[in-house]
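First comes the structure, then the notes that go with it.
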There are 2 protein chains.
Amino acid sequence: MKNVLVISGHPNLKRSYANITILDELQKLIPNVEIRKLDELYPDYKFDIEAEQSALLKADVIVFQFPTYWYSCPGIMKLYIDLIYAHGWAYGSKGKNLVGKTLIASTTTGGKIEAYGRDAIVKHSMDDFCAYLEQFAALCNMNYGKVFCSYSMRYIPGVFPDEKKQDVIDRAKIQAQDLVKYIETL
Amino acid sequence: MKNVLVISGHPNLKRSYANITILDELQKLIPNVEIRKLDELYPDYKFDIEAEQSALLKADVIVFQFPTYWYSCPGIMKLYIDLIYAHGWAYGSKGKNLVGKTLIASTTTGGKIEAYGRDAIVKHSMDDFCAYLEQFAALCNMNYGKVFCSYSMRYIPGVFPDEKKQDVIDRAKIQAQDLVKYIETL
């Protein structure tokens with residue numbers, strides 16, 4: 001198995017059902033996976049650039065795991081991307097540290113699957129909305145893997161029935177399992 | 001003239017040439033414009049949700065002014081969007097506070113214009129990369145205005161020649177002037 005680094009971009013995993021389940025399942029399924037939870041590491045947004053870059057250097061496969069907020073990644077994940085993948089380190093004529101690694105986007109959304117697609121209400125697929133990550137990978141000379149997404153993943157205690165919670169958790173586990181199967185093919 | 005609110009998403013305007021020029025020019029050209037500079041207001045990312053929502057309520061036109069970082073808005077701007085445009089306030093069956101307002105994206109990028117487009121190196125136009133903002137506006141029942149973008153806007157003192165600085169400033173002023181002309185047609 002390759003060295004897998006998972007960056008969790010959920011801003012508050014204590015209130016998460018889907019993302020925390022995916023992370024726990026990845027921890028169980030991938031020996032020696034490194035999972036870095038940005039919300040726990042950087043509650044004040046003071047990123048340790050050296051520690052993050054050092055984790056990236058050791059990885060063959062980098063998974064960005066995040067809930068989709070406004071058709072994109074959460075702010076804390078974008079801050080991480082802006083700060084860590086610096087010119088001269090991640091890209092540019094002297095920035096060759098990520099060449100040949102694989103980036104995988106793994107996300108969850110409250111939106112229904114029927115809402116996504118070029119002829120659907122939001123006019124774009126999740127792949128389309130992840131185009132910024134595809135081009136980010138390209139500029140860093142990383143391979144860009146498949147986008148993993150589960151839809152209808154919102155559960156709010158007391159508002160949604162309990163069965164919905166179990167459904168979200170069950171499908172989150174399947175997403176993690178599919179992700180692991182995919183990584184094994186790389 | 002309509003009430004115009006400009007949200008500046010540059011993470012450090014002290015080091016900006018293009019964005020600060022655009023903001024200064026908008027200040028000069030639009031009487032009573034309100035410009036909110038997120039980097040100055042929230043250096044610790046502790047957003048004042050009430051103050052931001054109150055500024056939005058007064059506006060007819062909302063301009064997101066930001067440098068493009070990794071084909072998207074900077075992290076501080078995404079944090080602002082995630083936090084301020086809350087369910088039940090900006091969208092959802094009880095969230096009707098932004099209905100009918102117009103959202104305009106105004107951005108700058110270091111990339112060349114030739115790099116953008118479906119057959120070009122980054123495979124997407126700037127309009128494509130702003131799709132998340134278009135759908136964000138749609139979900140809040142806002143009108144979505146034209147995307148303004150100037151390319152080749154990177155200037156680094158000591159690295160680039162002085163003429164480049166003047167070129168960036170000149171084109172930034174034109175972007176602000178074009179933006180104001182467009183707002184006048186709304």
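We name chains A, B, ... following the order of the structure tokens; residues begin at 1 in each chain, and ligands are numbered from 1 as shown.
Secondary structure by DSSP on the backbone puts the following residues of stretch 9-169 of chain A in strand (DSSP E or B): Glu34, Ile35, Arg36, Lys37, Val61, Ile62, Val63, Phe64, Gln65, Phe66, Pro67, Tyr69, Ser72, His87, Tyr91, Thr102, Leu103, Ile104, Ala105, Ser106, Thr107, Thr108, Asn143, Tyr144, Phe148, Cys149, Ser150, Pro157 and Phe160 of chain A.
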Those residues with N, CA and C atoms, as an mmCIF file, in the first residue's frame please?
data_model
loop_
_atom_site.group_PDB
_atom_site.id
_atom_site.type_symbol
_atom_site.label_atom_id
_atom_site.label_comp_id
_atom_site.auth_asym_id
_atom_site.auth_seq_id
_atom_site.Cartn_x
_atom_site.Cartn_y
_atom_site.Cartn_z
ATOM 1 N N GLU A 34 -1.768 8.685 7.449
ATOM 2 C CA GLU A 34 -1.675 9.877 8.301
ATOM 3 C C GLU A 34 -2.889 10.751 8.021
ATOM 4 N N ILE A 35 -3.643 11.039 9.072
ATOM 5 C CA ILE A 35 -4.830 11.892 8.923
ATOM 6 C C ILE A 35 -4.577 13.192 9.674
ATOM 7 N N ARG A 36 -4.639 14.293 8.974
ATOM 8 C CA ARG A 36 -4.418 15.601 9.606
ATOM 9 C C ARG A 36 -5.733 16.377 9.574
ATOM 10 N N LYS A 37 -6.255 16.612 10.782
ATOM 11 C CA LYS A 37 -7.553 17.284 10.917
ATOM 12 C C LYS A 37 -7.315 18.772 11.137
ATOM 13 N N VAL A 61 0.075 9.453 -1.941
ATOM 14 C CA VAL A 61 -1.307 9.805 -2.288
ATOM 15 C C VAL A 61 -1.815 10.803 -1.254
ATOM 16 N N ILE A 62 -2.383 11.904 -1.737
ATOM 17 C CA ILE A 62 -2.925 12.950 -0.853
ATOM 18 C C ILE A 62 -4.433 13.019 -1.083
ATOM 19 N N VAL A 63 -5.187 12.819 -0.012
ATOM 20 C CA VAL A 63 -6.651 12.890 -0.110
ATOM 21 C C VAL A 63 -7.127 14.159 0.575
ATOM 22 N N PHE A 64 -7.853 14.989 -0.155
ATOM 23 C CA PHE A 64 -8.535 16.133 0.464
ATOM 24 C C PHE A 64 -9.954 15.675 0.811
ATOM 25 N N GLN A 65 -10.227 15.552 2.094
ATOM 26 C CA GLN A 65 -11.554 15.103 2.551
ATOM 27 C C GLN A 65 -12.298 16.306 3.128
ATOM 28 N N PHE A 66 -13.398 16.683 2.534
ATOM 29 C CA PHE A 66 -14.102 17.894 3.002
ATOM 30 C C PHE A 66 -15.582 17.862 2.638
ATOM 31 N N PRO A 67 -16.391 18.551 3.453
ATOM 32 C CA PRO A 67 -17.778 18.762 3.063
ATOM 33 C C PRO A 67 -17.822 19.900 2.042
ATOM 34 N N TYR A 69 -19.031 23.181 0.747
ATOM 35 C CA TYR A 69 -19.734 24.386 1.208
ATOM 36 C C TYR A 69 -19.797 25.338 0.026
ATOM 37 N N SER A 72 -17.798 24.413 -3.168
ATOM 38 C CA SER A 72 -16.337 24.480 -3.089
ATOM 39 C C SER A 72 -15.901 23.908 -1.738
ATOM 40 N N HIS A 87 4.733 28.913 -3.919
ATOM 41 C CA HIS A 87 5.611 29.052 -5.083
ATOM 42 C C HIS A 87 7.046 28.738 -4.661
ATOM 43 N N TYR A 91 5.210 24.513 -6.669
ATOM 44 C CA TYR A 91 5.133 24.797 -8.115
ATOM 45 C C TYR A 91 6.148 25.868 -8.466
ATOM 46 N N THR A 102 -0.233 11.690 -6.162
ATOM 47 C CA THR A 102 -1.615 11.706 -6.648
ATOM 48 C C THR A 102 -2.507 12.449 -5.670
ATOM 49 N N LEU A 103 -3.308 13.378 -6.185
ATOM 50 C CA LEU A 103 -4.287 14.108 -5.370
ATOM 51 C C LEU A 103 -5.686 13.559 -5.639
ATOM 52 N N ILE A 104 -6.395 13.266 -4.566
ATOM 53 C CA ILE A 104 -7.777 12.781 -4.691
ATOM 54 C C ILE A 104 -8.692 13.701 -3.888
ATOM 55 N N ALA A 105 -9.772 14.151 -4.514
ATOM 56 C CA ALA A 105 -10.789 14.942 -3.808
ATOM 57 C C ALA A 105 -11.906 14.003 -3.370
ATOM 58 N N SER A 106 -12.230 14.055 -2.078
ATOM 59 C CA SER A 106 -13.306 13.229 -1.538
ATOM 60 C C SER A 106 -14.225 14.140 -0.741
ATOM 61 N N THR A 107 -15.457 14.254 -1.199
ATOM 62 C CA THR A 107 -16.330 15.267 -0.602
ATOM 63 C C THR A 107 -17.726 14.719 -0.318
ATOM 64 N N THR A 108 -18.463 15.480 0.450
ATOM 65 C CA THR A 108 -19.859 15.139 0.755
ATOM 66 C C THR A 108 -20.675 16.408 0.555
ATOM 67 N N ASN A 143 -0.615 13.946 -10.190
ATOM 68 C CA ASN A 143 -1.690 13.253 -10.884
ATOM 69 C C ASN A 143 -2.998 13.590 -10.176
ATOM 70 N N TYR A 144 -4.060 13.664 -10.942
ATOM 71 C CA TYR A 144 -5.355 14.007 -10.354
ATOM 72 C C TYR A 144 -6.252 12.777 -10.429
ATOM 73 N N PHE A 148 -14.471 11.683 -5.480
ATOM 74 C CA PHE A 148 -15.465 10.886 -4.760
ATOM 75 C C PHE A 148 -16.463 11.829 -4.093
ATOM 76 N N CYS A 149 -17.733 11.543 -4.277
ATOM 77 C CA CYS A 149 -18.755 12.405 -3.664
ATOM 78 C C CYS A 149 -19.982 11.597 -3.265
ATOM 79 N N SER A 150 -20.471 11.833 -2.062
ATOM 80 C CA SER A 150 -21.784 11.309 -1.669
ATOM 81 C C SER A 150 -22.736 12.490 -1.506
ATOM 82 N N PRO A 157 -29.531 16.669 13.969
ATOM 83 C CA PRO A 157 -30.241 15.991 15.061
ATOM 84 C C PRO A 157 -31.489 16.771 15.474
ATOM 85 N N PHE A 160 -34.010 15.992 11.470
ATOM 86 C CA PHE A 160 -34.159 14.847 10.562
ATOM 87 C C PHE A 160 -34.397 13.582 11.393
#
Practice problem: Any chance you could list, as a ChimeraX atom specification, the residues in stretch 106-184 of chain A that come up alpha helix (DSSP H) when DSSP is run on the backbone? | Solution: /A:126-129,131-139,162-184
Would you write out, as CSV, a table of all residues in chain B that have an atom no more than 12 Å from an atom of chain A, listing for each the closest atom pair and the distance in Å to one decimal, considering only C-alpha atoms and ordering rows by chain and rising residue number?
residue,atom,partner,partner_atom,distance
B:Gly9,CA,A:Gly75,CA,11.9
B:His10,CA,A:Asp82,CA,11.9
B:Pro11,CA,A:Leu79,CA,9.8
B:Pro43,CA,A:Tyr45,CA,10.5
B:Asp44,CA,A:Asp44,CA,7.5
B:Tyr45,CA,A:Tyr45,CA,7.9
B:Lys46,CA,A:Asp44,CA,9.2
B:Pro67,CA,A:Asp82,CA,11.7
B:Thr68,CA,A:Asp82,CA,10.4
B:Tyr69,CA,A:Asp82,CA,6.8
B:Trp70,CA,A:Phe136,CA,6.0
B:Tyr71,CA,A:Tyr132,CA,5.2
B:Ser72,CA,A:Tyr132,CA,6.7
B:Cys73,CA,A:Lys78,CA,8.4
B:Pro74,CA,A:Lys78,CA,6.8
B:Gly75,CA,A:Leu79,CA,4.1
B:Ile76,CA,A:Gly75,CA,6.6
B:Met77,CA,A:Gly75,CA,7.5
B:Lys78,CA,A:Gly75,CA,4.6
B:Leu79,CA,A:Gly75,CA,4.1
B:Tyr80,CA,A:Gly75,CA,7.8
B:Ile81,CA,A:Trp70,CA,8.1
B:Asp82,CA,A:Tyr69,CA,6.8
B:Leu83,CA,A:Gly75,CA,9.1
B:Ile84,CA,A:Trp70,CA,11.9
B:Tyr85,CA,A:Trp70,CA,9.6
B:Ala86,CA,A:Trp70,CA,10.7
B:His87,CA,A:Trp70,CA,11.4
B:Tyr91,CA,A:Trp70,CA,11.4
B:Gly111,CA,A:Leu139,CA,11.7
B:Ala115,CA,A:Gln135,CA,11.4
B:Tyr116,CA,A:Gln135,CA,11.2
B:Arg118,CA,A:Ala131,CA,11.6
B:Ala120,CA,A:Gln135,CA,11.7
B:Ile121,CA,A:Gln135,CA,9.1
B:Val122,CA,A:Gln135,CA,6.2
B:Lys123,CA,A:Gln135,CA,8.2
B:His124,CA,A:Ala131,CA,8.1
B:Ser125,CA,A:Ala131,CA,10.8
B:Met126,CA,A:Tyr132,CA,10.5
B:Asp128,CA,A:Asp128,CA,8.6
B:Phe129,CA,A:Tyr132,CA,6.8
B:Cys130,CA,A:Phe129,CA,9.2
B:Ala131,CA,A:Phe129,CA,7.3
B:Tyr132,CA,A:Tyr71,CA,5.2
B:Leu133,CA,A:Trp70,CA,7.8
B:Glu134,CA,A:Val122,CA,9.1
B:Gln135,CA,A:Val122,CA,6.2
B:Phe136,CA,A:Trp70,CA,6.0
B:Ala137,CA,A:Trp70,CA,9.8
B:Ala138,CA,A:Val122,CA,8.6
B:Leu139,CA,A:Val122,CA,9.0
B:Cys140,CA,A:Trp70,CA,10.8
Quiz item: Can you list, as a ChimeraX atom specification, every protein, DNA or RNA residue that comes within 10 Å of B:Asp170 when you count only C-alpha atoms, leaving out same-chain residues fewer than 5 positions away?
Solution: /B:18,21-22,164-165,175
I need the residues from that last selection saved to file as a PDB file, in the first residue's frame (with N, CA and C atoms), if you can.
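Once written, selection.pdb looks like this:
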ATOM      1  N   ALA B  18      -2.616  45.581  -7.423  1.00  0.00           N
ATOM      2  CA  ALA B  18      -3.825  45.583  -8.238  1.00  0.00           C
ATOM      3  C   ALA B  18      -5.079  45.808  -7.391  1.00  0.00           C
ATOM      4  N   THR B  21      -5.454  49.215  -5.706  1.00  0.00           N
ATOM      5  CA  THR B  21      -5.753  50.246  -6.708  1.00  0.00           C
ATOM      6  C   THR B  21      -7.223  50.216  -7.111  1.00  0.00           C
ATOM      7  N   ILE B  22      -7.732  49.014  -7.334  1.00  0.00           N
ATOM      8  CA  ILE B  22      -9.156  48.877  -7.697  1.00  0.00           C
ATOM      9  C   ILE B  22     -10.033  49.433  -6.568  1.00  0.00           C
ATOM     10  N   LYS B 164       6.313  47.239 -15.163  1.00  0.00           N
ATOM     11  CA  LYS B 164       5.257  46.252 -14.908  1.00  0.00           C
ATOM     12  C   LYS B 164       4.332  46.758 -13.801  1.00  0.00           C
ATOM     13  N   LYS B 165       4.909  47.375 -12.789  1.00  0.00           N
ATOM     14  CA  LYS B 165       4.101  47.920 -11.694  1.00  0.00           C
ATOM     15  C   LYS B 165       3.109  48.955 -12.235  1.00  0.00           C
ATOM     16  N   GLN B 175     -10.085  48.487 -14.767  1.00  0.00           N
ATOM     17  CA  GLN B 175     -11.047  47.486 -14.280  1.00  0.00           C
ATOM     18  C   GLN B 175     -12.093  48.145 -13.380  1.00  0.00           C
TER      19      GLN B 175
END
Practice problem: Identify, on the basis of only C-alpha atoms, every residue whose closest approach to B:Glu25 does not exceed 9 Å; exclude the query and any residue fewer than 4 positions from it along the same chain; express the result as a PyMOL selection string. | Solution: chain B and resi 20-21+29-30+172-173+176-177
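Across the model, the gap from atom CA of A:Trp89 to atom CA of A:Ser8 is 21.5 Å.
Atom pair atom CA of A:Ala55 / atom CA of A:Lys28: separated by 19.5 Å.
Distance annotation: of A:Val147, A:Leu98, A:Leu56, A:Ala51, the residue with the minimal separation from A:Tyr182 is A:Val147; atom set is only C-alpha atoms.
The space between atom CA of A:Glu114 and atom CA of A:Glu163 spans 21.2 Å.
Among the candidate residues B:Val159, B:Ile7, B:Val99, B:Leu13, the one lying nearest to B:Asp39 is B:Leu13, with distances computed using only C-alpha atoms.
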Self-check item: Residue with smallest distance to A:Tyr17 - pool A:Arg154, A:Lys112, A:Lys146, A:Lys58, counting only C-alpha atoms
Solution: A:Arg154
